[in-house]
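target.pdb (PDB, C-alpha atoms, pLDDT in the B column)
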ATOM      1  CA  MET A   1      53.966  30.364  26.090  1.00 77.00           C
ATOM      2  CA  ILE A   2      55.385  27.828  28.535  1.00 84.00           C
ATOM      3  CA  ASN A   3      58.484  26.039  27.294  1.00 81.00           C
ATOM      4  CA  VAL A   4      58.120  22.384  28.312  1.00 80.00           C
ATOM      5  CA  PHE A   5      60.974  20.910  26.288  1.00 78.00           C
ATOM      6  CA  GLU A   6      64.384  22.194  25.227  1.00 85.00           C
ATOM      7  CA  ASN A   7      67.878  20.995  24.441  1.00 90.00           C
ATOM      8  CA  PRO A   8      70.040  20.399  27.503  1.00 94.00           C
ATOM      9  CA  LYS A   9      72.565  23.178  27.993  1.00 95.00           C
ATOM     10  CA  ALA A  10      75.306  20.592  28.509  1.00 96.00           C
ATOM     11  CA  LEU A  11      74.641  19.137  25.028  1.00 96.00           C
ATOM     12  CA  THR A  12      76.105  20.825  21.959  1.00 96.00           C
ATOM     13  CA  ASP A  13      73.880  21.705  19.010  1.00 93.00           C
ATOM     14  CA  ILE A  14      75.554  19.731  16.202  1.00 93.00           C
ATOM     15  CA  ALA A  15      74.456  16.993  13.818  1.00 92.00           C
ATOM     16  CA  SER A  16      74.929  13.446  15.087  1.00 93.00           C
ATOM     17  CA  HIS A  17      77.381  11.099  13.380  1.00 94.00           C
ATOM     18  CA  TYR A  18      75.620   8.012  14.767  1.00 96.00           C
ATOM     19  CA  CYS A  19      73.681   5.613  12.541  1.00 95.00           C
ATOM     20  CA  PRO A  20      69.868   5.965  12.303  1.00 95.00           C
ATOM     21  CA  GLY A  21      68.228   4.166  15.206  1.00 96.00           C
ATOM     22  CA  CYS A  22      71.361   4.047  17.353  1.00 97.00           C
ATOM     23  CA  THR A  23      70.551   5.002  20.931  1.00 97.00           C
ATOM     24  CA  HIS A  24      73.897   6.628  21.693  1.00 97.00           C
ATOM     25  CA  GLY A  25      72.145   9.930  21.052  1.00 96.00           C
ATOM     26  CA  ILE A  26      69.565   9.217  23.746  1.00 97.00           C
ATOM     27  CA  ALA A  27      72.306   8.255  26.181  1.00 98.00           C
ATOM     28  CA  HIS A  28      74.192  11.483  25.440  1.00 98.00           C
ATOM     29  CA  ARG A  29      71.068  13.502  26.119  1.00 97.00           C
ATOM     30  CA  LEU A  30      70.445  11.758  29.441  1.00 98.00           C
ATOM     31  CA  VAL A  31      73.992  12.444  30.617  1.00 98.00           C
ATOM     32  CA  ALA A  32      73.622  16.098  29.602  1.00 98.00           C
ATOM     33  CA  GLU A  33      70.270  16.368  31.396  1.00 98.00           C
ATOM     34  CA  ALA A  34      71.835  15.005  34.577  1.00 98.00           C
ATOM     35  CA  ILE A  35      74.627  17.567  34.334  1.00 98.00           C
ATOM     36  CA  ASP A  36      72.051  20.323  33.856  1.00 98.00           C
ATOM     37  CA  ALA A  37      69.871  19.106  36.717  1.00 97.00           C
ATOM     38  CA  LEU A  38      72.798  19.210  39.130  1.00 98.00           C
ATOM     39  CA  ASP A  39      74.143  22.453  37.620  1.00 98.00           C
ATOM     40  CA  ILE A  40      77.659  21.049  37.331  1.00 98.00           C
ATOM     41  CA  GLU A  41      78.578  21.748  33.708  1.00 96.00           C
ATOM     42  CA  GLY A  42      81.505  23.962  34.678  1.00 96.00           C
ATOM     43  CA  GLN A  43      82.772  21.358  37.139  1.00 98.00           C
ATOM     44  CA  THR A  44      82.443  18.289  34.918  1.00 98.00           C
ATOM     45  CA  ILE A  45      85.162  16.481  32.961  1.00 98.00           C
ATOM     46  CA  GLY A  46      84.221  13.622  30.644  1.00 98.00           C
ATOM     47  CA  VAL A  47      86.495  10.930  29.244  1.00 98.00           C
ATOM     48  CA  ALA A  48      85.716   9.740  25.717  1.00 96.00           C
ATOM     49  CA  PRO A  49      86.451   6.150  24.605  1.00 94.00           C
ATOM     50  CA  VAL A  50      87.579   4.453  21.426  1.00 95.00           C
ATOM     51  CA  GLY A  51      84.646   3.028  19.480  1.00 93.00           C
ATOM     52  CA  CYS A  52      81.451   4.470  18.040  1.00 93.00           C
ATOM     53  CA  ALA A  53      81.450   7.117  20.770  1.00 94.00           C
ATOM     54  CA  VAL A  54      85.024   8.174  20.033  1.00 94.00           C
ATOM     55  CA  PHE A  55      83.653  11.621  19.090  1.00 94.00           C
ATOM     56  CA  ALA A  56      81.702  11.995  22.349  1.00 95.00           C
ATOM     57  CA  TYR A  57      83.791  15.076  23.091  1.00 94.00           C
ATOM     58  CA  ASN A  58      81.939  16.872  20.295  1.00 96.00           C
ATOM     59  CA  TYR A  59      78.568  16.472  21.989  1.00 97.00           C
ATOM     60  CA  PHE A  60      79.130  17.697  25.538  1.00 97.00           C
ATOM     61  CA  ASN A  61      79.663  21.317  26.576  1.00 96.00           C
ATOM     62  CA  CYS A  62      81.835  20.280  29.517  1.00 97.00           C
ATOM     63  CA  ASP A  63      85.569  19.646  29.355  1.00 97.00           C
ATOM     64  CA  MET A  64      86.417  16.348  27.651  1.00 97.00           C
ATOM     65  CA  VAL A  65      89.546  14.204  27.409  1.00 97.00           C
ATOM     66  CA  GLN A  66      90.219  11.474  24.836  1.00 96.00           C
ATOM     67  CA  ALA A  67      91.560   8.222  26.328  1.00 97.00           C
ATOM     68  CA  PRO A  68      93.457   5.387  24.614  1.00 96.00           C
ATOM     69  CA  HIS A  69      91.354   2.312  23.880  1.00 95.00           C
ATOM     70  CA  GLY A  70      90.003   0.828  27.118  1.00 96.00           C
ATOM     71  CA  ARG A  71      91.960   3.136  29.402  1.00 97.00           C
ATOM     72  CA  ALA A  72      89.206   5.615  30.238  1.00 98.00           C
ATOM     73  CA  PRO A  73      88.907   4.550  33.924  1.00 98.00           C
ATOM     74  CA  ALA A  74      92.672   4.933  34.359  1.00 98.00           C
ATOM     75  CA  VAL A  75      92.606   8.381  32.745  1.00 98.00           C
ATOM     76  CA  ALA A  76      89.568   9.315  34.840  1.00 98.00           C
ATOM     77  CA  THR A  77      91.404   8.181  37.972  1.00 98.00           C
ATOM     78  CA  GLY A  78      94.238  10.606  37.294  1.00 98.00           C
ATOM     79  CA  ILE A  79      91.865  13.464  36.508  1.00 98.00           C
ATOM     80  CA  LYS A  80      89.772  12.885  39.635  1.00 98.00           C
ATOM     81  CA  ARG A  81      92.737  12.563  41.959  1.00 98.00           C
ATOM     82  CA  ALA A  82      94.237  15.770  40.583  1.00 98.00           C
ATOM     83  CA  ASN A  83      90.845  17.531  40.704  1.00 97.00           C
ATOM     84  CA  PRO A  84      88.890  15.896  43.542  1.00 97.00           C
ATOM     85  CA  ASP A  85      86.176  18.553  43.537  1.00 97.00           C
ATOM     86  CA  ASN A  86      85.329  18.034  39.876  1.00 98.00           C
ATOM     87  CA  PHE A  87      82.768  15.558  38.537  1.00 98.00           C
ATOM     88  CA  VAL A  88      84.483  12.995  36.308  1.00 98.00           C
ATOM     89  CA  PHE A  89      82.705  10.491  34.082  1.00 98.00           C
ATOM     90  CA  THR A  90      83.696   7.999  31.419  1.00 98.00           C
ATOM     91  CA  TYR A  91      81.499   7.069  28.484  1.00 98.00           C
ATOM     92  CA  GLN A  92      82.372   3.597  27.156  1.00 97.00           C
ATOM     93  CA  GLY A  93      81.051   0.858  24.913  1.00 96.00           C
ATOM     94  CA  ASP A  94      81.256  -2.878  25.553  1.00 96.00           C
ATOM     95  CA  GLY A  95      84.414  -3.373  23.491  1.00 93.00           C
ATOM     96  CA  ASP A  96      86.162  -0.491  25.225  1.00 96.00           C
ATOM     97  CA  LEU A  97      85.019  -1.327  28.756  1.00 97.00           C
ATOM     98  CA  ALA A  98      84.490  -5.080  28.810  1.00 96.00           C
ATOM     99  CA  ALA A  99      87.254  -6.268  26.470  1.00 96.00           C
ATOM    100  CA  ILE A 100      90.468  -4.272  26.176  1.00 95.00           C
ATOM    101  CA  GLY A 101      89.524  -2.161  29.207  1.00 96.00           C
ATOM    102  CA  THR A 102      88.423  -4.910  31.601  1.00 97.00           C
ATOM    103  CA  ALA A 103      91.428  -4.540  33.900  1.00 97.00           C
ATOM    104  CA  GLU A 104      91.174  -0.750  34.108  1.00 97.00           C
ATOM    105  CA  THR A 105      87.466  -0.963  34.915  1.00 97.00           C
ATOM    106  CA  ILE A 106      87.783  -3.637  37.585  1.00 98.00           C
ATOM    107  CA  HIS A 107      90.743  -2.102  39.346  1.00 98.00           C
ATOM    108  CA  ALA A 108      89.341   1.444  39.316  1.00 98.00           C
ATOM    109  CA  ALA A 109      86.276  -0.063  40.965  1.00 98.00           C
ATOM    110  CA  ALA A 110      88.374  -2.075  43.420  1.00 98.00           C
ATOM    111  CA  ARG A 111      90.142   1.114  44.466  1.00 98.00           C
ATOM    112  CA  GLY A 112      86.776   2.783  44.970  1.00 98.00           C
ATOM    113  CA  GLU A 113      87.698   5.647  42.658  1.00 98.00           C
ATOM    114  CA  ASN A 114      85.033   8.327  43.039  1.00 98.00           C
ATOM    115  CA  ILE A 115      84.102   8.456  39.334  1.00 98.00           C
ATOM    116  CA  THR A 116      80.992   7.689  37.292  1.00 98.00           C
ATOM    117  CA  VAL A 117      81.067   5.196  34.416  1.00 98.00           C
ATOM    118  CA  ILE A 118      78.436   5.278  31.664  1.00 98.00           C
ATOM    119  CA  PHE A 119      78.553   1.863  29.995  1.00 98.00           C
ATOM    120  CA  ILE A 120      76.818   1.342  26.624  1.00 98.00           C
ATOM    121  CA  ASN A 121      76.034  -2.341  26.065  1.00 98.00           C
ATOM    122  CA  ASN A 122      74.847  -2.998  22.516  1.00 97.00           C
ATOM    123  CA  ALA A 123      76.230  -6.544  22.484  1.00 97.00           C
ATOM    124  CA  ILE A 124      78.439  -6.021  19.427  1.00 97.00           C
ATOM    125  CA  TYR A 125      81.491  -4.155  18.150  1.00 96.00           C
ATOM    126  CA  GLY A 126      79.963  -1.223  16.290  1.00 91.00           C
ATOM    127  CA  MET A 127      82.767   0.881  14.835  1.00 89.00           C
ATOM    128  CA  THR A 128      84.945  -1.969  13.548  1.00 89.00           C
ATOM    129  CA  GLY A 129      82.315  -3.911  11.618  1.00 91.00           C
ATOM    130  CA  GLY A 130      80.063  -5.946  13.861  1.00 94.00           C
ATOM    131  CA  GLN A 131      82.374  -8.475  15.482  1.00 96.00           C
ATOM    132  CA  MET A 132      81.349 -10.476  18.555  1.00 97.00           C
ATOM    133  CA  ALA A 133      81.743  -8.523  21.795  1.00 97.00           C
ATOM    134  CA  PRO A 134      82.200  -9.812  25.357  1.00 97.00           C
ATOM    135  CA  THR A 135      78.511  -8.999  25.814  1.00 98.00           C
ATOM    136  CA  SER A 136      77.162 -10.683  22.647  1.00 98.00           C
ATOM    137  CA  ILE A 137      74.458 -13.060  23.843  1.00 98.00           C
ATOM    138  CA  PRO A 138      74.327 -16.818  23.146  1.00 98.00           C
ATOM    139  CA  GLY A 139      73.062 -17.463  19.637  1.00 97.00           C
ATOM    140  CA  GLN A 140      73.781 -13.909  18.461  1.00 97.00           C
ATOM    141  CA  VAL A 141      75.048 -13.722  14.895  1.00 97.00           C
ATOM    142  CA  THR A 142      78.018 -11.407  14.330  1.00 97.00           C
ATOM    143  CA  THR A 143      80.731 -11.214  11.701  1.00 96.00           C
ATOM    144  CA  THR A 144      82.985 -13.374  13.893  1.00 96.00           C
ATOM    145  CA  SER A 145      80.206 -15.713  15.068  1.00 96.00           C
ATOM    146  CA  PRO A 146      78.297 -16.233  11.785  1.00 96.00           C
ATOM    147  CA  TYR A 147      76.528 -19.317  13.157  1.00 97.00           C
ATOM    148  CA  GLY A 148      75.613 -17.612  16.407  1.00 97.00           C
ATOM    149  CA  ARG A 149      77.642 -17.317  19.588  1.00 98.00           C
ATOM    150  CA  LYS A 150      78.205 -20.767  21.063  1.00 97.00           C
ATOM    151  CA  PRO A 151      79.285 -20.726  24.722  1.00 97.00           C
ATOM    152  CA  GLU A 152      81.124 -24.027  24.314  1.00 97.00           C
ATOM    153  CA  ILE A 153      83.290 -22.401  21.639  1.00 96.00           C
ATOM    154  CA  GLN A 154      83.353 -18.649  22.302  1.00 96.00           C
ATOM    155  CA  GLY A 155      82.544 -18.707  26.017  1.00 97.00           C
ATOM    156  CA  PHE A 156      79.754 -16.994  27.895  1.00 97.00           C
ATOM    157  CA  PRO A 157      78.957 -13.257  27.820  1.00 98.00           C
ATOM    158  CA  LEU A 158      80.099 -11.040  30.660  1.00 97.00           C
ATOM    159  CA  ARG A 159      77.372  -9.691  32.911  1.00 98.00           C
ATOM    160  CA  ILE A 160      79.138  -6.484  33.872  1.00 98.00           C
ATOM    161  CA  SER A 161      76.670  -5.022  36.384  1.00 98.00           C
ATOM    162  CA  GLU A 162      76.475  -8.272  38.326  1.00 98.00           C
ATOM    163  CA  MET A 163      80.264  -8.587  38.321  1.00 98.00           C
ATOM    164  CA  MET A 164      80.840  -5.006  39.408  1.00 98.00           C
ATOM    165  CA  ALA A 165      78.352  -5.361  42.251  1.00 98.00           C
ATOM    166  CA  THR A 166      80.664  -7.902  43.907  1.00 98.00           C
ATOM    167  CA  ILE A 167      83.503  -5.365  44.205  1.00 98.00           C
ATOM    168  CA  ASP A 168      83.778  -3.575  47.549  1.00 98.00           C
ATOM    169  CA  GLY A 169      84.741  -0.220  46.036  1.00 98.00           C
ATOM    170  CA  VAL A 170      81.555  -0.003  43.979  1.00 98.00           C
ATOM    171  CA  ALA A 171      78.932   2.230  45.568  1.00 98.00           C
ATOM    172  CA  TYR A 172      76.234   2.059  42.910  1.00 98.00           C
ATOM    173  CA  ALA A 173      75.624  -0.261  39.951  1.00 98.00           C
ATOM    174  CA  GLU A 174      72.437  -0.331  37.904  1.00 98.00           C
ATOM    175  CA  ARG A 175      71.388  -1.719  34.531  1.00 98.00           C
ATOM    176  CA  VAL A 176      68.809   0.188  32.494  1.00 98.00           C
ATOM    177  CA  ALA A 177      67.580   0.071  28.893  1.00 98.00           C
ATOM    178  CA  LEU A 178      66.828   2.568  26.140  1.00 98.00           C
ATOM    179  CA  ASP A 179      64.068   0.657  24.354  1.00 97.00           C
ATOM    180  CA  ASN A 180      60.948   2.608  25.407  1.00 97.00           C
ATOM    181  CA  VAL A 181      59.866   5.792  27.146  1.00 97.00           C
ATOM    182  CA  LYS A 182      59.445   4.178  30.568  1.00 98.00           C
ATOM    183  CA  ASN A 183      62.925   2.684  30.515  1.00 98.00           C
ATOM    184  CA  VAL A 184      64.499   5.869  29.172  1.00 98.00           C
ATOM    185  CA  ARG A 185      62.958   7.796  32.068  1.00 97.00           C
ATOM    186  CA  ARG A 186      64.357   5.217  34.484  1.00 98.00           C
ATOM    187  CA  ALA A 187      67.759   5.539  32.830  1.00 98.00           C
ATOM    188  CA  LYS A 188      67.665   9.295  33.364  1.00 98.00           C
ATOM    189  CA  VAL A 189      67.042   8.832  37.084  1.00 98.00           C
ATOM    190  CA  ALA A 190      69.847   6.279  37.339  1.00 98.00           C
ATOM    191  CA  ILE A 191      72.409   8.449  35.579  1.00 98.00           C
ATOM    192  CA  GLN A 192      71.615  11.462  37.757  1.00 98.00           C
ATOM    193  CA  LYS A 193      71.885   9.324  40.872  1.00 98.00           C
ATOM    194  CA  ALA A 194      75.291   8.078  39.750  1.00 98.00           C
ATOM    195  CA  PHE A 195      76.513  11.671  39.619  1.00 98.00           C
ATOM    196  CA  GLU A 196      74.950  12.317  43.025  1.00 98.00           C
ATOM    197  CA  VAL A 197      76.842   9.318  44.438  1.00 98.00           C
ATOM    198  CA  GLN A 198      80.040  10.901  43.163  1.00 98.00           C
ATOM    199  CA  ARG A 199      79.018  14.283  44.600  1.00 98.00           C
ATOM    200  CA  ASP A 200      78.566  12.654  47.987  1.00 98.00           C
ATOM    201  CA  LYS A 201      81.986  10.961  47.704  1.00 97.00           C
ATOM    202  CA  LYS A 202      80.592   7.452  48.110  1.00 97.00           C
ATOM    203  CA  GLY A 203      82.858   5.754  45.580  1.00 97.00           C
ATOM    204  CA  PHE A 204      82.678   4.162  42.139  1.00 98.00           C
ATOM    205  CA  SER A 205      79.367   4.186  40.263  1.00 98.00           C
ATOM    206  CA  ILE A 206      78.445   2.488  36.988  1.00 98.00           C
ATOM    207  CA  ILE A 207      75.297   2.670  34.883  1.00 98.00           C
ATOM    208  CA  GLU A 208      74.905   0.015  32.195  1.00 98.00           C
ATOM    209  CA  LEU A 209      72.571   0.996  29.361  1.00 98.00           C
ATOM    210  CA  LEU A 210      71.220  -1.696  27.030  1.00 98.00           C
ATOM    211  CA  SER A 211      71.440   0.004  23.666  1.00 98.00           C
ATOM    212  CA  THR A 212      70.779  -0.704  19.993  1.00 98.00           C
ATOM    213  CA  CYS A 213      72.996  -1.172  16.944  1.00 97.00           C
ATOM    214  CA  PRO A 214      70.616  -1.563  13.983  1.00 97.00           C
ATOM    215  CA  THR A 215      73.418  -1.299  11.412  1.00 97.00           C
ATOM    216  CA  ASN A 216      75.544  -4.154  12.702  1.00 96.00           C
ATOM    217  CA  TRP A 217      72.582  -6.200  13.890  1.00 97.00           C
ATOM    218  CA  GLY A 218      71.282  -5.944  10.330  1.00 96.00           C
ATOM    219  CA  VAL A 219      67.768  -4.876  11.347  1.00 97.00           C
ATOM    220  CA  SER A 220      65.570  -1.785  11.210  1.00 97.00           C
ATOM    221  CA  PRO A 221      65.602   0.720  14.076  1.00 97.00           C
ATOM    222  CA  VAL A 222      62.144  -0.478  15.213  1.00 97.00           C
ATOM    223  CA  THR A 223      63.180  -4.139  15.122  1.00 98.00           C
ATOM    224  CA  ALA A 224      66.330  -3.240  17.061  1.00 98.00           C
ATOM    225  CA  LEU A 225      64.190  -1.918  19.920  1.00 98.00           C
ATOM    226  CA  ASP A 226      62.254  -5.189  19.878  1.00 98.00           C
ATOM    227  CA  TYR A 227      65.558  -7.081  20.033  1.00 97.00           C
ATOM    228  CA  VAL A 228      66.546  -5.218  23.202  1.00 98.00           C
ATOM    229  CA  ARG A 229      63.225  -6.145  24.815  1.00 97.00           C
ATOM    230  CA  GLU A 230      62.950  -9.721  23.591  1.00 97.00           C
ATOM    231  CA  LYS A 231      66.573 -10.882  23.638  1.00 97.00           C
ATOM    232  CA  MET A 232      68.834  -8.610  25.646  1.00 98.00           C
ATOM    233  CA  ILE A 233      66.711  -7.786  28.693  1.00 98.00           C
ATOM    234  CA  PRO A 234      65.920 -11.472  29.419  1.00 98.00           C
ATOM    235  CA  TYR A 235      69.661 -12.206  29.404  1.00 98.00           C
ATOM    236  CA  TYR A 236      70.638  -8.952  31.112  1.00 98.00           C
ATOM    237  CA  PRO A 237      67.849  -8.235  33.648  1.00 98.00           C
ATOM    238  CA  LEU A 238      67.296  -4.595  34.489  1.00 98.00           C
ATOM    239  CA  GLY A 239      67.621  -3.296  38.018  1.00 98.00           C
ATOM    240  CA  VAL A 240      69.841  -1.988  40.788  1.00 98.00           C
ATOM    241  CA  TYR A 241      72.631  -4.448  41.509  1.00 98.00           C
ATOM    242  CA  LYS A 242      74.293  -2.461  44.269  1.00 98.00           C
ATOM    243  CA  ASP A 243      73.443   0.726  46.117  1.00 98.00           C
ATOM    244  CA  ILE A 244      75.247   1.459  49.356  1.00 97.00           C
ATOM    245  CA  THR A 245      73.197   4.638  49.753  1.00 93.00           C
ATOM    246  CA  ALA A 246      69.862   2.787  49.969  1.00 84.00           C
ATOM    247  CA  SER A 247      68.199   2.228  53.321  1.00 59.00           C
ATOM    248  CA  LYS A 248      67.820  -1.315  54.618  1.00 49.00           C
ATOM    249  CA  LYS A 249      64.129  -1.161  53.754  1.00 46.00           C
ATOM    250  CA  GLU A 250      64.858  -0.098  50.162  1.00 55.00           C
ATOM    251  CA  ALA A 251      67.510  -2.779  49.798  1.00 51.00           C
ATOM    252  CA  SER A 252      65.103  -5.481  50.959  1.00 49.00           C
ATOM    253  CA  GLU A 253      62.495  -4.310  48.441  1.00 54.00           C
TER     254      GLU A 253
END
Would you write out, as structure tokens, the structure that this file holds?
Amino acid sequence: MINVFENPKALTDIASHYCPGCTHGIAHRLVAEAIDALDIEGQTIGVAPVGCAVFAYNYFNCDMVQAPHGRAPAVATGIKRANPDNFVFTYQGDGDLAAIGTAETIHAAARGENITVIFINNAIYGMTGGQMAPTSIPGQVTTTSPYGRKPEIQGFPLRISEMMATIDGVAYAERVALDNVKNVRRAKVAIQKAFEVQRDKKGFSIIELLSTCPTNWGVSPVTALDYVREKMIPYYPLGVYKDITASKKEASE
């Protein structure tokens, strides 16, 4: 019998603590599949955030380090500089990366640190009860914007991939989504490429994944996928925002 599907070796075999319908589990699998594809498990060091993915270190078979809230890029910088031949990645949510960790993220990118950032954008604070995040979209109802986010009051959301693409030290920035099979397959390609960019010592890479949070959105898992398609993707268009490795022809296309 031909085995056509199996658990990634870089992913541990334990029960998930994530809520039903949350796509953190899919994102974990894609990172593990990229590690397997490049055969770098023994050379990889991950940095876990504070937030729903605070227990990310339980799910990966590579070495993992826990960072203080928002400081994952700073911790990853130290690890990479001390171990330049290792693959170093951070796994961060929007509160960790785009709120308390904004400075660390921007300045690690500005320095061109040769690390890979996996950024989960579910447009809400998950672990702490569903408060408005820097990425909550206009009109989105959260516990701290019960009448919907109003830009004239709470300001506009941060478009992280677009912002990061303007920084010289960034080699690769792409936004993908986890709402259907086609987009999940695209996300897998993007994550593996981000590790390849690091392998080739090109600089900072970031993959933004539009993800779901059915619990704090107050919807079913199926409706949450619809929300990503109908609300999030129009506000956060998918695509490659920067790729210094692409040929001129590819860039023009």
Just say which residues the PyMOL selection byres ((chain A and resi 20) around 8) picks in this file, as a ChimeraX atom specification. /A:18-19,21-22,214,221
I'd like the contact shell of Leu30 (chain A) - 9 Å cut-off, only C-alpha atoms, skipping same-chain residues fewer than 4 positions apart - returned as number ranges by chain. A: 8, 25-26, 34-35, 184-185, 187-189, 191-192
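When the PyMOL selection byres ((chain A and resi 163) around 12) is evaluated on the file shown here, the picked residues come out as Ala98, Thr102, Thr105, Ile106, Ala109, Ala110, Pro157, Leu158, Arg159, Ile160, Ser161, Glu162, Met164, Ala165, Thr166, Ile167, Asp168, Val170, Ala173, Glu174, Arg175, Ile206, Glu208, Tyr241 and Lys242 of chain A.
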Suppose we keep C-alpha atoms; can you now write the selection as a PDB file, keeping the file's coordinate frame?
ATOM      1  CA  ALA A  98      84.490  -5.080  28.810  1.00 96.00           C
ATOM      2  CA  THR A 102      88.423  -4.910  31.601  1.00 97.00           C
ATOM      3  CA  THR A 105      87.466  -0.963  34.915  1.00 97.00           C
ATOM      4  CA  ILE A 106      87.783  -3.637  37.585  1.00 98.00           C
ATOM      5  CA  ALA A 109      86.276  -0.063  40.965  1.00 98.00           C
ATOM      6  CA  ALA A 110      88.374  -2.075  43.420  1.00 98.00           C
ATOM      7  CA  PRO A 157      78.957 -13.257  27.820  1.00 98.00           C
ATOM      8  CA  LEU A 158      80.099 -11.040  30.660  1.00 97.00           C
ATOM      9  CA  ARG A 159      77.372  -9.691  32.911  1.00 98.00           C
ATOM     10  CA  ILE A 160      79.138  -6.484  33.872  1.00 98.00           C
ATOM     11  CA  SER A 161      76.670  -5.022  36.384  1.00 98.00           C
ATOM     12  CA  GLU A 162      76.475  -8.272  38.326  1.00 98.00           C
ATOM     13  CA  MET A 164      80.840  -5.006  39.408  1.00 98.00           C
ATOM     14  CA  ALA A 165      78.352  -5.361  42.251  1.00 98.00           C
ATOM     15  CA  THR A 166      80.664  -7.902  43.907  1.00 98.00           C
ATOM     16  CA  ILE A 167      83.503  -5.365  44.205  1.00 98.00           C
ATOM     17  CA  ASP A 168      83.778  -3.575  47.549  1.00 98.00           C
ATOM     18  CA  VAL A 170      81.555  -0.003  43.979  1.00 98.00           C
ATOM     19  CA  ALA A 173      75.624  -0.261  39.951  1.00 98.00           C
ATOM     20  CA  GLU A 174      72.437  -0.331  37.904  1.00 98.00           C
ATOM     21  CA  ARG A 175      71.388  -1.719  34.531  1.00 98.00           C
ATOM     22  CA  ILE A 206      78.445   2.488  36.988  1.00 98.00           C
ATOM     23  CA  GLU A 208      74.905   0.015  32.195  1.00 98.00           C
ATOM     24  CA  TYR A 241      72.631  -4.448  41.509  1.00 98.00           C
ATOM     25  CA  LYS A 242      74.293  -2.461  44.269  1.00 98.00           C
TER      26      LYS A 242
END
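Rounded to one decimal, CA of Asn58 (chain A) and CA of Phe204 (chain A) lie 25.3 Å from each other.
Each of A:Glu152, A:Asp179, A:Glu113, A:Asp94 was checked against Lys80 (chain A) using all atoms listed in the file; the smallest atom-to-atom distance is that of A:Glu113.
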Name the residues that the PyMOL selection byres ((chain A and resi 178) around 9) picks from the file above, as a PDB file with C-alpha atoms, keeping the file's coordinate frame, using the file's chain letters and numbers.
ATOM      1  CA  THR A  23      70.551   5.002  20.931  1.00 97.00           C
ATOM      2  CA  ILE A  26      69.565   9.217  23.746  1.00 97.00           C
ATOM      3  CA  ALA A  27      72.306   8.255  26.181  1.00 98.00           C
ATOM      4  CA  VAL A 176      68.809   0.188  32.494  1.00 98.00           C
ATOM      5  CA  ALA A 177      67.580   0.071  28.893  1.00 98.00           C
ATOM      6  CA  ASP A 179      64.068   0.657  24.354  1.00 97.00           C
ATOM      7  CA  ASN A 180      60.948   2.608  25.407  1.00 97.00           C
ATOM      8  CA  VAL A 181      59.866   5.792  27.146  1.00 97.00           C
ATOM      9  CA  LYS A 182      59.445   4.178  30.568  1.00 98.00           C
ATOM     10  CA  ASN A 183      62.925   2.684  30.515  1.00 98.00           C
ATOM     11  CA  VAL A 184      64.499   5.869  29.172  1.00 98.00           C
ATOM     12  CA  ARG A 185      62.958   7.796  32.068  1.00 97.00           C
ATOM     13  CA  ALA A 187      67.759   5.539  32.830  1.00 98.00           C
ATOM     14  CA  LEU A 209      72.571   0.996  29.361  1.00 98.00           C
ATOM     15  CA  LEU A 210      71.220  -1.696  27.030  1.00 98.00           C
ATOM     16  CA  SER A 211      71.440   0.004  23.666  1.00 98.00           C
ATOM     17  CA  THR A 212      70.779  -0.704  19.993  1.00 98.00           C
ATOM     18  CA  LEU A 225      64.190  -1.918  19.920  1.00 98.00           C
ATOM     19  CA  VAL A 228      66.546  -5.218  23.202  1.00 98.00           C
TER      20      VAL A 228
END
Kindly add N, CA and C atoms to the incomplete region 79-89 of chain A and provide the output as a CSV table (one decimal), keeping the file's coordinate frame.
chain,number,residue,atom,x,y,z
A,79,ILE,N,92.6,12.2,36.5
A,79,ILE,CA,91.9,13.5,36.5
A,79,ILE,C,91.2,13.7,37.9
A,80,LYS,N,90.5,12.7,38.4
A,80,LYS,CA,89.8,12.9,39.6
A,80,LYS,C,90.7,13.1,40.8
A,81,ARG,N,91.8,12.4,40.8
A,81,ARG,CA,92.7,12.6,42.0
A,81,ARG,C,93.4,13.9,41.9
A,82,ALA,N,93.6,14.4,40.7
A,82,ALA,CA,94.2,15.8,40.6
A,82,ALA,C,93.2,16.9,40.8
A,83,ASN,N,91.9,16.5,40.6
A,83,ASN,CA,90.8,17.5,40.7
A,83,ASN,C,89.7,16.9,41.5
A,84,PRO,N,89.9,16.7,42.8
A,84,PRO,CA,88.9,15.9,43.5
A,84,PRO,C,87.5,16.6,43.7
A,85,ASP,N,87.5,17.9,43.4
A,85,ASP,CA,86.2,18.6,43.5
A,85,ASP,C,85.4,18.6,42.2
A,86,ASN,N,86.0,18.1,41.2
A,86,ASN,CA,85.3,18.0,39.9
A,86,ASN,C,84.5,16.7,39.7
A,87,PHE,N,83.5,16.8,38.9
A,87,PHE,CA,82.8,15.6,38.5
A,87,PHE,C,83.4,14.9,37.3
A,88,VAL,N,83.8,13.7,37.4
A,88,VAL,CA,84.5,13.0,36.3
A,88,VAL,C,83.7,11.8,35.9
A,89,PHE,N,83.4,11.7,34.6
A,89,PHE,CA,82.7,10.5,34.1
A,89,PHE,C,83.4,9.9,32.9
